[in-house]
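Reading through the structure tokens given below for one structure.
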Amino acid sequence: MENDAVQQLLDIEEIKKLKARYFRYLDTKNWDLWTEIFTEDLQFVFAEQNLVFDRDQLKTEVTPEGQVHDGRDQFISWVKMITKGVTTVHRGYMPEITITGSATATGIWAMTDYLQWPGDGPPIGFRGYGHYNEHYVRTTTGWRIKRSVLSRIRIDPLEGGLPPVYEETTKAS
Amino acid sequence: MENDAVQQLLDIEEIKKLKARYFRYLDTKNWDLWTEIFTEDLQFVFAEQNLVFDRDQLKTEVTPEGQVHDGRDQFISWVKMITKGVTTVHRGYMPEITITGSATATGIWAMTDYLQWPGDGPPIGFRGYGHYNEHYVRTTTGWRIKRSVLSRIRIDPLEGGLPPVYEETTKAS
Amino acid sequence: MENDAVQQLLDIEEIKKLKARYFRYLDTKNWDLWTEIFTEDLQFVFAEQNLVFDRDQLKTEVTPEGQVHDGRDQFISWVKMITKGVTTVHRGYMPEITITGSATATGIWAMTDYLQWPGDGPPIGFRGYGHYNEHYVRTTTGWRIKRSVLSRIRIDPLEGGLPPVYEETTKAS
């Protein structure tokens, strides 16, 4: 029992550090290391805004309006494309990590992001506020993100508005 | 000794998750679950700005100028009233949790909040920056917040200023 | 082994609380307590922007363009001088603490700061975004920061621009 508790605490700390590297590699555009964060079969979902969270997870399942990325390689290619030349700042807050089995865990994180596209006019981009709802698995090389659902409380466009590519991409999916 | 250390680490993690749910239920307006965060005899204090913190706690005790809410039900009713239709984003940072007994603990958190009231003109609301100073107790259903004192470093009104209800309420108390 | 794991978890939590006090004493200008955060031989480096982080640390070492402060007393005197009358808000996020020996540890933190200088015109100051890369040592009075390197992702001047003293100081060093 005691050993189990210590192992759970170690796992929780490892998962917090995994998410820290997720943000840090993303914002420093270290894409090679970023691949180590996810399982190959990653599913990443940009959910509709205003999903309601229950005690431990999303109450409402993702609807067709959400944007779904299947597979780590597809997701990373898309993020690289959409953040090319963009200064990004992502932050996580207030983790709620739950170890659900010997090699599985869930997590909820509050988040903010702040993205600005290059250009000379009024700044184009947004500040966003929301939550991640995630599933983790322990692999032979450590914990990895297997599924991540990002739900928004609000998005504030910068003075110059949202970037066209962002609006098109999110609408197209 | 070893067991005590593990128990303390488990309790610290539980209290961090308690505060995470405090923020998450508040910002998703999940009031039913929000009641589970507090003891029935909760005291919540909006302290004067610029209280000085000592090593572990507020150096200056709350003065009559602070706004005091006694009782969980009164506090939740007031928060529901004041945030009706308001988009709220609350974030906590940098917890300093101290287990002070078998069923008691204290905590300090840095915080920011960002509230915008509905309307068509320039946005009304504020961004705030401060610290919580809290007391927790372990109950038969887990840790709960028993006392919370919120002290501000600064409040920046949005372009349209502070909402009238906010100014009146804080002055009236 | 079990004991080692528990000790590491306790140390990680202590270092997180150390950094929390670093921010809290700084933003409440509690300089007497702030001295307890650092070793006497502290080195604090404001690195060039856009340093690339590798898996665990800065890939690029600090160049002569960085601003280096040697010694705790010199550093604190400089911070007191530059923040006189300034409202400061510093926040840390997403710690990656690694215990590297019985009395040594490293840490990476995401950070934001928000500083506004006093004055009547448009607000002068900035909002900054970056990462700390730190070395800690355990002393007879607890963990302390021995070296801290602050690297920026971006700095947004406030409406009234950056303060002259800030620009001169950073250029002069």
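Ordering of the structure tokens sets the chain letters (A, B, ...), residue numbers begin anew at 1 in every chain, and ligands are numbered from 1 in the order given.
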Would you please extract all strand (DSSP E or B) residues from chain C, as assigned by DSSP on the backbone, and give them as a PDB file with C-alpha atoms, in the first residue's frame?
```pdb
ATOM      1  CA  PHE C  38      19.451  32.651  -2.569  1.00  0.00           C
ATOM      2  CA  THR C  39      22.945  31.444  -1.820  1.00  0.00           C
ATOM      3  CA  GLU C  40      25.429  34.221  -1.142  1.00  0.00           C
ATOM      4  CA  ASP C  41      27.280  33.402  -4.365  1.00  0.00           C
ATOM      5  CA  LEU C  42      24.118  33.554  -6.488  1.00  0.00           C
ATOM      6  CA  GLN C  43      24.558  34.130 -10.203  1.00  0.00           C
ATOM      7  CA  PHE C  44      21.518  35.586 -11.973  1.00  0.00           C
ATOM      8  CA  VAL C  45      21.575  35.909 -15.762  1.00  0.00           C
ATOM      9  CA  PHE C  46      19.153  37.711 -18.037  1.00  0.00           C
ATOM     10  CA  PHE C  53      16.057  24.638 -24.576  1.00  0.00           C
ATOM     11  CA  LEU C  58      19.563  25.435 -22.157  1.00  0.00           C
ATOM     12  CA  GLN C  67      23.216  40.552 -18.414  1.00  0.00           C
ATOM     13  CA  VAL C  68      25.030  38.786 -15.561  1.00  0.00           C
ATOM     14  CA  HIS C  69      24.628  39.582 -11.847  1.00  0.00           C
ATOM     15  CA  ASP C  70      27.228  37.988  -9.588  1.00  0.00           C
ATOM     16  CA  THR C  87       4.022  47.456  -9.294  1.00  0.00           C
ATOM     17  CA  THR C  88       5.310  43.997 -10.208  1.00  0.00           C
ATOM     18  CA  VAL C  89       3.487  40.739 -10.848  1.00  0.00           C
ATOM     19  CA  HIS C  90       5.617  37.626 -11.455  1.00  0.00           C
ATOM     20  CA  ARG C  91       4.191  34.176 -12.047  1.00  0.00           C
ATOM     21  CA  GLY C  92       5.762  30.738 -12.424  1.00  0.00           C
ATOM     22  CA  TYR C  93       4.295  27.726 -14.203  1.00  0.00           C
ATOM     23  CA  MET C  94       4.984  24.118 -15.086  1.00  0.00           C
ATOM     24  CA  PRO C  95       8.045  23.259 -12.971  1.00  0.00           C
ATOM     25  CA  GLU C  96      10.427  20.549 -14.132  1.00  0.00           C
ATOM     26  CA  ILE C  97      12.501  19.826 -11.018  1.00  0.00           C
ATOM     27  CA  THR C  98      15.236  17.196 -11.178  1.00  0.00           C
ATOM     28  CA  ILE C  99      17.156  16.078  -8.082  1.00  0.00           C
ATOM     29  CA  THR C 104      21.773  19.569  -5.679  1.00  0.00           C
ATOM     30  CA  ALA C 105      18.887  19.990  -8.091  1.00  0.00           C
ATOM     31  CA  THR C 106      17.969  21.708 -11.327  1.00  0.00           C
ATOM     32  CA  GLY C 107      14.703  23.267 -12.415  1.00  0.00           C
ATOM     33  CA  ILE C 108      12.997  24.772 -15.419  1.00  0.00           C
ATOM     34  CA  TRP C 109       9.991  27.077 -14.983  1.00  0.00           C
ATOM     35  CA  ALA C 110       7.844  28.885 -17.493  1.00  0.00           C
ATOM     36  CA  MET C 111       7.248  32.474 -16.329  1.00  0.00           C
ATOM     37  CA  THR C 112       5.419  35.713 -17.028  1.00  0.00           C
ATOM     38  CA  ASP C 113       6.011  39.119 -15.541  1.00  0.00           C
ATOM     39  CA  TYR C 114       4.029  42.355 -15.676  1.00  0.00           C
ATOM     40  CA  LEU C 115       5.694  45.548 -14.498  1.00  0.00           C
ATOM     41  CA  GLN C 116       4.252  49.053 -14.514  1.00  0.00           C
ATOM     42  CA  TRP C 117       6.217  52.162 -13.593  1.00  0.00           C
ATOM     43  CA  ILE C 124       5.022  52.546 -18.974  1.00  0.00           C
ATOM     44  CA  GLY C 125       6.308  49.022 -18.472  1.00  0.00           C
ATOM     45  CA  PHE C 126       6.007  45.603 -20.066  1.00  0.00           C
ATOM     46  CA  ARG C 127       4.567  42.119 -20.015  1.00  0.00           C
ATOM     47  CA  GLY C 128       7.195  39.429 -20.473  1.00  0.00           C
ATOM     48  CA  TYR C 129       7.108  35.702 -21.216  1.00  0.00           C
ATOM     49  CA  GLY C 130       9.957  33.255 -20.806  1.00  0.00           C
ATOM     50  CA  HIS C 131      11.624  30.467 -18.871  1.00  0.00           C
ATOM     51  CA  TYR C 132      13.922  30.165 -15.871  1.00  0.00           C
ATOM     52  CA  ASN C 133      16.672  27.560 -15.917  1.00  0.00           C
ATOM     53  CA  GLU C 134      17.948  27.126 -12.366  1.00  0.00           C
ATOM     54  CA  HIS C 135      20.371  25.333 -10.073  1.00  0.00           C
ATOM     55  CA  TYR C 136      19.500  24.717  -6.438  1.00  0.00           C
ATOM     56  CA  VAL C 137      21.586  23.595  -3.477  1.00  0.00           C
ATOM     57  CA  ARG C 138      20.511  22.253  -0.102  1.00  0.00           C
ATOM     58  CA  THR C 139      22.010  24.266   2.760  1.00  0.00           C
ATOM     59  CA  GLY C 142      17.004  24.510   3.395  1.00  0.00           C
ATOM     60  CA  TRP C 143      17.100  24.658  -0.393  1.00  0.00           C
ATOM     61  CA  ARG C 144      18.312  27.857  -2.050  1.00  0.00           C
ATOM     62  CA  ILE C 145      18.679  29.188  -5.587  1.00  0.00           C
ATOM     63  CA  LYS C 146      22.342  29.220  -6.626  1.00  0.00           C
ATOM     64  CA  ARG C 147      22.021  30.096 -10.306  1.00  0.00           C
ATOM     65  CA  SER C 148      19.119  31.367 -12.373  1.00  0.00           C
ATOM     66  CA  VAL C 149      19.067  32.062 -16.104  1.00  0.00           C
ATOM     67  CA  LEU C 150      16.026  33.898 -17.451  1.00  0.00           C
ATOM     68  CA  SER C 151      15.378  33.538 -21.185  1.00  0.00           C
ATOM     69  CA  ARG C 152      12.553  35.336 -22.996  1.00  0.00           C
ATOM     70  CA  ILE C 153      10.071  34.222 -25.621  1.00  0.00           C
ATOM     71  CA  ARG C 154       8.673  37.737 -25.971  1.00  0.00           C
ATOM     72  CA  ILE C 155       8.360  41.118 -24.254  1.00  0.00           C
ATOM     73  CA  ASP C 156       5.332  43.348 -24.942  1.00  0.00           C
ATOM     74  CA  PRO C 157       5.876  46.983 -23.941  1.00  0.00           C
TER      75      PRO C 157
END
```
If you take only C-alpha atoms and a cut-off of 10 Å, which residues of chain A touch chain C, and what are their nearest atom pairs and distances in Å to one decimal, in chain and number order, as a tab-separated table?
```
residue	atom	partner	partner_atom	distance
A:Glu2	CA	C:Glu2	CA	9.3
A:Asn3	CA	C:Glu2	CA	7.3
A:Val6	CA	C:Val6	CA	6.8
A:Gln7	CA	C:Ala5	CA	8.6
A:Leu9	CA	C:Leu9	CA	7.8
A:Leu10	CA	C:Leu9	CA	7.4
A:Glu13	CA	C:Leu9	CA	8.4
A:Glu14	CA	C:Glu96	CA	9.0
A:Lys16	CA	C:Met94	CA	7.3
A:Lys17	CA	C:Glu96	CA	5.4
A:Leu18	CA	C:Glu96	CA	8.8
A:Lys19	CA	C:Met94	CA	7.7
A:Ala20	CA	C:Met94	CA	5.0
A:Arg21	CA	C:Arg55	CA	8.0
A:Phe23	CA	C:Met94	CA	8.5
A:Arg24	CA	C:Ala110	CA	7.7
A:Tyr25	CA	C:Phe53	CA	7.8
A:Asp27	CA	C:Ile153	CA	8.0
A:Thr28	CA	C:Val52	CA	6.5
A:Lys29	CA	C:Val52	CA	8.9
A:Asn30	CA	C:Asp54	CA	8.1
A:Leu33	CA	C:Arg55	CA	7.2
A:Trp34	CA	C:Arg55	CA	9.8
A:Thr87	CA	C:Ile153	CA	7.8
A:Thr88	CA	C:Ile153	CA	8.2
A:Val89	CA	C:Tyr129	CA	7.4
A:His90	CA	C:Ala110	CA	9.3
A:Arg91	CA	C:Tyr93	CA	7.0
A:Gly92	CA	C:Met94	CA	6.6
A:Tyr93	CA	C:Tyr93	CA	6.9
A:Met94	CA	C:Tyr93	CA	9.5
A:Pro95	CA	C:Met94	CA	9.6
```
With DSSP run on the backbone, what are the alpha helix (DSSP H) residues within chain A? I'd like them as an mmCIF file with N, CA, C and O atoms, in the first residue's frame.
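Result file is result.cif:
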```cif
data_model
loop_
_atom_site.group_PDB
_atom_site.id
_atom_site.type_symbol
_atom_site.label_atom_id
_atom_site.label_comp_id
_atom_site.auth_asym_id
_atom_site.auth_seq_id
_atom_site.Cartn_x
_atom_site.Cartn_y
_atom_site.Cartn_z
ATOM 1 N N GLU A 2 1.813 1.271 0.948
ATOM 2 C CA GLU A 2 2.758 2.390 1.044
ATOM 3 C C GLU A 2 3.521 2.562 -0.273
ATOM 4 O O GLU A 2 3.638 3.657 -0.805
ATOM 5 N N ASN A 3 4.009 1.424 -0.796
ATOM 6 C CA ASN A 3 4.732 1.463 -2.071
ATOM 7 C C ASN A 3 3.846 2.000 -3.182
ATOM 8 O O ASN A 3 4.291 2.761 -4.031
ATOM 9 N N ASP A 4 2.585 1.582 -3.164
ATOM 10 C CA ASP A 4 1.650 2.050 -4.181
ATOM 11 C C ASP A 4 1.494 3.557 -4.116
ATOM 12 O O ASP A 4 1.475 4.228 -5.146
ATOM 13 N N ALA A 5 1.376 4.080 -2.909
ATOM 14 C CA ALA A 5 1.187 5.521 -2.751
ATOM 15 C C ALA A 5 2.401 6.281 -3.280
ATOM 16 O O ALA A 5 2.265 7.292 -3.968
ATOM 17 N N VAL A 6 3.589 5.799 -2.967
ATOM 18 C CA VAL A 6 4.807 6.468 -3.435
ATOM 19 C C VAL A 6 4.879 6.399 -4.960
ATOM 20 O O VAL A 6 5.203 7.384 -5.626
ATOM 21 N N GLN A 7 4.555 5.226 -5.512
ATOM 22 C CA GLN A 7 4.584 5.090 -6.962
ATOM 23 C C GLN A 7 3.589 6.038 -7.630
ATOM 24 O O GLN A 7 3.886 6.657 -8.657
ATOM 25 N N GLN A 8 2.416 6.193 -7.031
ATOM 26 C CA GLN A 8 1.415 7.114 -7.594
ATOM 27 C C GLN A 8 1.929 8.558 -7.562
ATOM 28 O O GLN A 8 1.755 9.309 -8.529
ATOM 29 N N LEU A 9 2.558 8.934 -6.451
ATOM 30 C CA LEU A 9 3.092 10.298 -6.355
ATOM 31 C C LEU A 9 4.191 10.526 -7.387
ATOM 32 O O LEU A 9 4.267 11.591 -8.010
ATOM 33 N N LEU A 10 5.051 9.521 -7.579
ATOM 34 C CA LEU A 10 6.107 9.634 -8.598
ATOM 35 C C LEU A 10 5.487 9.753 -9.990
ATOM 36 O O LEU A 10 5.924 10.558 -10.814
ATOM 37 N N ASP A 11 4.463 8.961 -10.251
ATOM 38 C CA ASP A 11 3.812 8.998 -11.564
ATOM 39 C C ASP A 11 3.139 10.356 -11.805
ATOM 40 O O ASP A 11 3.216 10.914 -12.901
ATOM 41 N N ILE A 12 2.476 10.874 -10.790
ATOM 42 C CA ILE A 12 1.821 12.184 -10.924
ATOM 43 C C ILE A 12 2.858 13.254 -11.255
ATOM 44 O O ILE A 12 2.659 14.093 -12.141
ATOM 45 N N GLU A 13 3.997 13.207 -10.571
ATOM 46 C CA GLU A 13 5.054 14.190 -10.837
ATOM 47 C C GLU A 13 5.603 14.025 -12.257
ATOM 48 O O GLU A 13 5.851 15.017 -12.959
ATOM 49 N N GLU A 14 5.756 12.791 -12.693
ATOM 50 C CA GLU A 14 6.247 12.547 -14.060
ATOM 51 C C GLU A 14 5.274 13.083 -15.107
ATOM 52 O O GLU A 14 5.689 13.634 -16.137
ATOM 53 N N ILE A 15 3.992 12.910 -14.859
ATOM 54 C CA ILE A 15 2.987 13.383 -15.825
ATOM 55 C C ILE A 15 2.958 14.909 -15.845
ATOM 56 O O ILE A 15 2.803 15.528 -16.900
ATOM 57 N N LYS A 16 3.157 15.541 -14.685
ATOM 58 C CA LYS A 16 3.246 17.012 -14.668
ATOM 59 C C LYS A 16 4.447 17.486 -15.491
ATOM 60 O O LYS A 16 4.364 18.484 -16.214
ATOM 61 N N LYS A 17 5.557 16.782 -15.370
ATOM 62 C CA LYS A 17 6.752 17.166 -16.135
ATOM 63 C C LYS A 17 6.560 16.879 -17.628
ATOM 64 O O LYS A 17 7.086 17.606 -18.480
ATOM 65 N N LEU A 18 5.835 15.812 -17.944
ATOM 66 C CA LEU A 18 5.517 15.525 -19.349
ATOM 67 C C LEU A 18 4.755 16.695 -19.961
ATOM 68 O O LEU A 18 5.080 17.172 -21.068
ATOM 69 N N LYS A 19 3.757 17.194 -19.257
ATOM 70 C CA LYS A 19 2.951 18.308 -19.784
ATOM 71 C C LYS A 19 3.794 19.600 -19.830
ATOM 72 O O LYS A 19 3.605 20.429 -20.731
ATOM 73 N N ALA A 20 4.707 19.744 -18.889
ATOM 74 C CA ALA A 20 5.595 20.913 -18.921
ATOM 75 C C ALA A 20 6.456 20.894 -20.181
ATOM 76 O O ALA A 20 6.652 21.919 -20.843
ATOM 77 N N ARG A 21 6.964 19.705 -20.528
ATOM 78 C CA ARG A 21 7.769 19.595 -21.748
ATOM 79 C C ARG A 21 6.899 19.793 -22.987
ATOM 80 O O ARG A 21 7.347 20.364 -23.979
ATOM 81 N N TYR A 22 5.653 19.320 -22.928
ATOM 82 C CA TYR A 22 4.696 19.576 -24.021
ATOM 83 C C TYR A 22 4.642 21.075 -24.336
ATOM 84 O O TYR A 22 4.782 21.488 -25.492
ATOM 85 N N PHE A 23 4.462 21.890 -23.326
ATOM 86 C CA PHE A 23 4.358 23.337 -23.531
ATOM 87 C C PHE A 23 5.696 23.933 -23.974
ATOM 88 O O PHE A 23 5.765 24.772 -24.860
ATOM 89 N N ARG A 24 6.771 23.497 -23.338
ATOM 90 C CA ARG A 24 8.078 24.125 -23.572
ATOM 91 C C ARG A 24 8.604 23.817 -24.971
ATOM 92 O O ARG A 24 9.073 24.730 -25.670
ATOM 93 N N TYR A 25 8.495 22.563 -25.388
ATOM 94 C CA TYR A 25 8.959 22.209 -26.738
ATOM 95 C C TYR A 25 8.080 22.888 -27.798
ATOM 96 O O TYR A 25 8.572 23.307 -28.849
ATOM 97 N N LEU A 26 6.793 22.981 -27.516
ATOM 98 C CA LEU A 26 5.866 23.646 -28.445
ATOM 99 C C LEU A 26 6.247 25.116 -28.620
ATOM 100 O O LEU A 26 6.374 25.612 -29.750
ATOM 101 N N ASP A 27 6.464 25.813 -27.513
ATOM 102 C CA ASP A 27 6.717 27.257 -27.599
ATOM 103 C C ASP A 27 8.134 27.580 -28.072
ATOM 104 O O ASP A 27 8.397 28.700 -28.529
ATOM 105 N N TRP A 31 10.471 20.550 -32.434
ATOM 106 C CA TRP A 31 9.540 19.522 -32.907
ATOM 107 C C TRP A 31 10.081 18.110 -32.742
ATOM 108 O O TRP A 31 9.305 17.163 -32.546
ATOM 109 N N ASP A 32 11.410 17.922 -32.825
ATOM 110 C CA ASP A 32 11.960 16.580 -32.660
ATOM 111 C C ASP A 32 11.646 16.030 -31.276
ATOM 112 O O ASP A 32 11.206 14.884 -31.131
ATOM 113 N N LEU A 33 11.879 16.859 -30.255
ATOM 114 C CA LEU A 33 11.578 16.401 -28.905
ATOM 115 C C LEU A 33 10.069 16.319 -28.676
ATOM 116 O O LEU A 33 9.602 15.509 -27.872
ATOM 117 N N TRP A 34 9.320 17.148 -29.385
ATOM 118 C CA TRP A 34 7.863 17.153 -29.179
ATOM 119 C C TRP A 34 7.237 15.800 -29.514
ATOM 120 O O TRP A 34 6.238 15.409 -28.912
ATOM 121 N N ARG A 72 -0.304 11.073 -34.157
ATOM 122 C CA ARG A 72 0.710 12.029 -33.735
ATOM 123 C C ARG A 72 1.347 12.747 -34.921
ATOM 124 O O ARG A 72 1.510 13.977 -34.893
ATOM 125 N N ASP A 73 1.695 12.002 -35.962
ATOM 126 C CA ASP A 73 2.430 12.633 -37.057
ATOM 127 C C ASP A 73 1.565 13.656 -37.786
ATOM 128 O O ASP A 73 2.035 14.745 -38.129
ATOM 129 N N GLN A 74 0.310 13.319 -37.989
ATOM 130 C CA GLN A 74 -0.606 14.266 -38.639
ATOM 131 C C GLN A 74 -0.759 15.513 -37.778
ATOM 132 O O GLN A 74 -0.707 16.644 -38.274
ATOM 133 N N PHE A 75 -0.938 15.314 -36.472
ATOM 134 C CA PHE A 75 -1.148 16.442 -35.561
ATOM 135 C C PHE A 75 0.068 17.367 -35.546
ATOM 136 O O PHE A 75 -0.052 18.593 -35.646
ATOM 137 N N ILE A 76 1.255 16.777 -35.429
ATOM 138 C CA ILE A 76 2.467 17.606 -35.359
ATOM 139 C C ILE A 76 2.683 18.357 -36.676
ATOM 140 O O ILE A 76 3.032 19.540 -36.672
ATOM 141 N N SER A 77 2.437 17.712 -37.800
ATOM 142 C CA SER A 77 2.559 18.401 -39.088
ATOM 143 C C SER A 77 1.625 19.604 -39.144
ATOM 144 O O SER A 77 2.000 20.688 -39.609
ATOM 145 N N TRP A 78 0.417 19.424 -38.652
ATOM 146 C CA TRP A 78 -0.572 20.497 -38.677
ATOM 147 C C TRP A 78 -0.131 21.652 -37.761
ATOM 148 O O TRP A 78 -0.202 22.826 -38.144
ATOM 149 N N VAL A 79 0.349 21.321 -36.564
ATOM 150 C CA VAL A 79 0.780 22.373 -35.627
ATOM 151 C C VAL A 79 1.982 23.127 -36.192
ATOM 152 O O VAL A 79 2.055 24.357 -36.113
ATOM 153 N N LYS A 80 2.947 22.393 -36.775
ATOM 154 C CA LYS A 80 4.103 23.040 -37.394
ATOM 155 C C LYS A 80 3.652 24.016 -38.479
ATOM 156 O O LYS A 80 4.173 25.130 -38.585
ATOM 157 N N MET A 81 2.696 23.582 -39.286
ATOM 158 C CA MET A 81 2.201 24.420 -40.375
ATOM 159 C C MET A 81 1.538 25.680 -39.831
ATOM 160 O O MET A 81 1.840 26.802 -40.246
ATOM 161 N N ILE A 82 0.678 25.496 -38.847
ATOM 162 C CA ILE A 82 -0.150 26.630 -38.397
ATOM 163 C C ILE A 82 0.645 27.608 -37.535
ATOM 164 O O ILE A 82 0.283 28.782 -37.419
ATOM 165 N N PRO A 164 -6.504 34.547 -40.956
ATOM 166 C CA PRO A 164 -7.369 33.818 -41.902
ATOM 167 C C PRO A 164 -7.125 32.312 -41.850
ATOM 168 O O PRO A 164 -8.076 31.534 -41.810
ATOM 169 N N VAL A 165 -5.855 31.901 -41.812
ATOM 170 C CA VAL A 165 -5.564 30.468 -41.828
ATOM 171 C C VAL A 165 -6.197 29.770 -40.634
ATOM 172 O O VAL A 165 -6.677 28.637 -40.731
ATOM 173 N N TYR A 166 -6.219 30.436 -39.504
ATOM 174 C CA TYR A 166 -6.800 29.835 -38.313
ATOM 175 C C TYR A 166 -8.306 29.653 -38.483
ATOM 176 O O TYR A 166 -8.852 28.590 -38.209
ATOM 177 N N GLU A 167 -8.951 30.694 -38.978
ATOM 178 C CA GLU A 167 -10.397 30.599 -39.142
ATOM 179 C C GLU A 167 -10.768 29.532 -40.159
ATOM 180 O O GLU A 167 -11.690 28.745 -39.956
ATOM 181 N N GLU A 168 -10.033 29.499 -41.302
ATOM 182 C CA GLU A 168 -10.322 28.506 -42.333
ATOM 183 C C GLU A 168 -10.085 27.091 -41.823
ATOM 184 O O GLU A 168 -10.890 26.197 -42.026
ATOM 185 N N THR A 169 -8.947 26.915 -41.157
ATOM 186 C CA THR A 169 -8.597 25.571 -40.704
ATOM 187 C C THR A 169 -9.617 25.049 -39.703
ATOM 188 O O THR A 169 -10.035 23.900 -39.770
ATOM 189 N N THR A 170 -10.027 25.896 -38.788
ATOM 190 C CA THR A 170 -10.952 25.402 -37.784
ATOM 191 C C THR A 170 -12.341 25.181 -38.375
ATOM 192 O O THR A 170 -13.061 24.291 -37.959
ATOM 193 N N LYS A 171 -12.685 25.982 -39.393
ATOM 194 C CA LYS A 171 -13.980 25.775 -40.025
ATOM 195 C C LYS A 171 -13.981 24.526 -40.900
ATOM 196 O O LYS A 171 -14.967 23.823 -41.004
ATOM 197 N N ALA A 172 -12.831 24.287 -41.556
ATOM 198 C CA ALA A 172 -12.758 23.215 -42.560
ATOM 199 C C ALA A 172 -12.873 21.828 -41.945
ATOM 200 O O ALA A 172 -13.263 20.881 -42.611
#
```
Point-to-point distance in Å for atom CA of C:Thr35 and atom CA of C:Ser102: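 Computing the Euclidean distance for atom CA of C:Ser102 and atom CA of C:Thr35 yields 23.3 Å.
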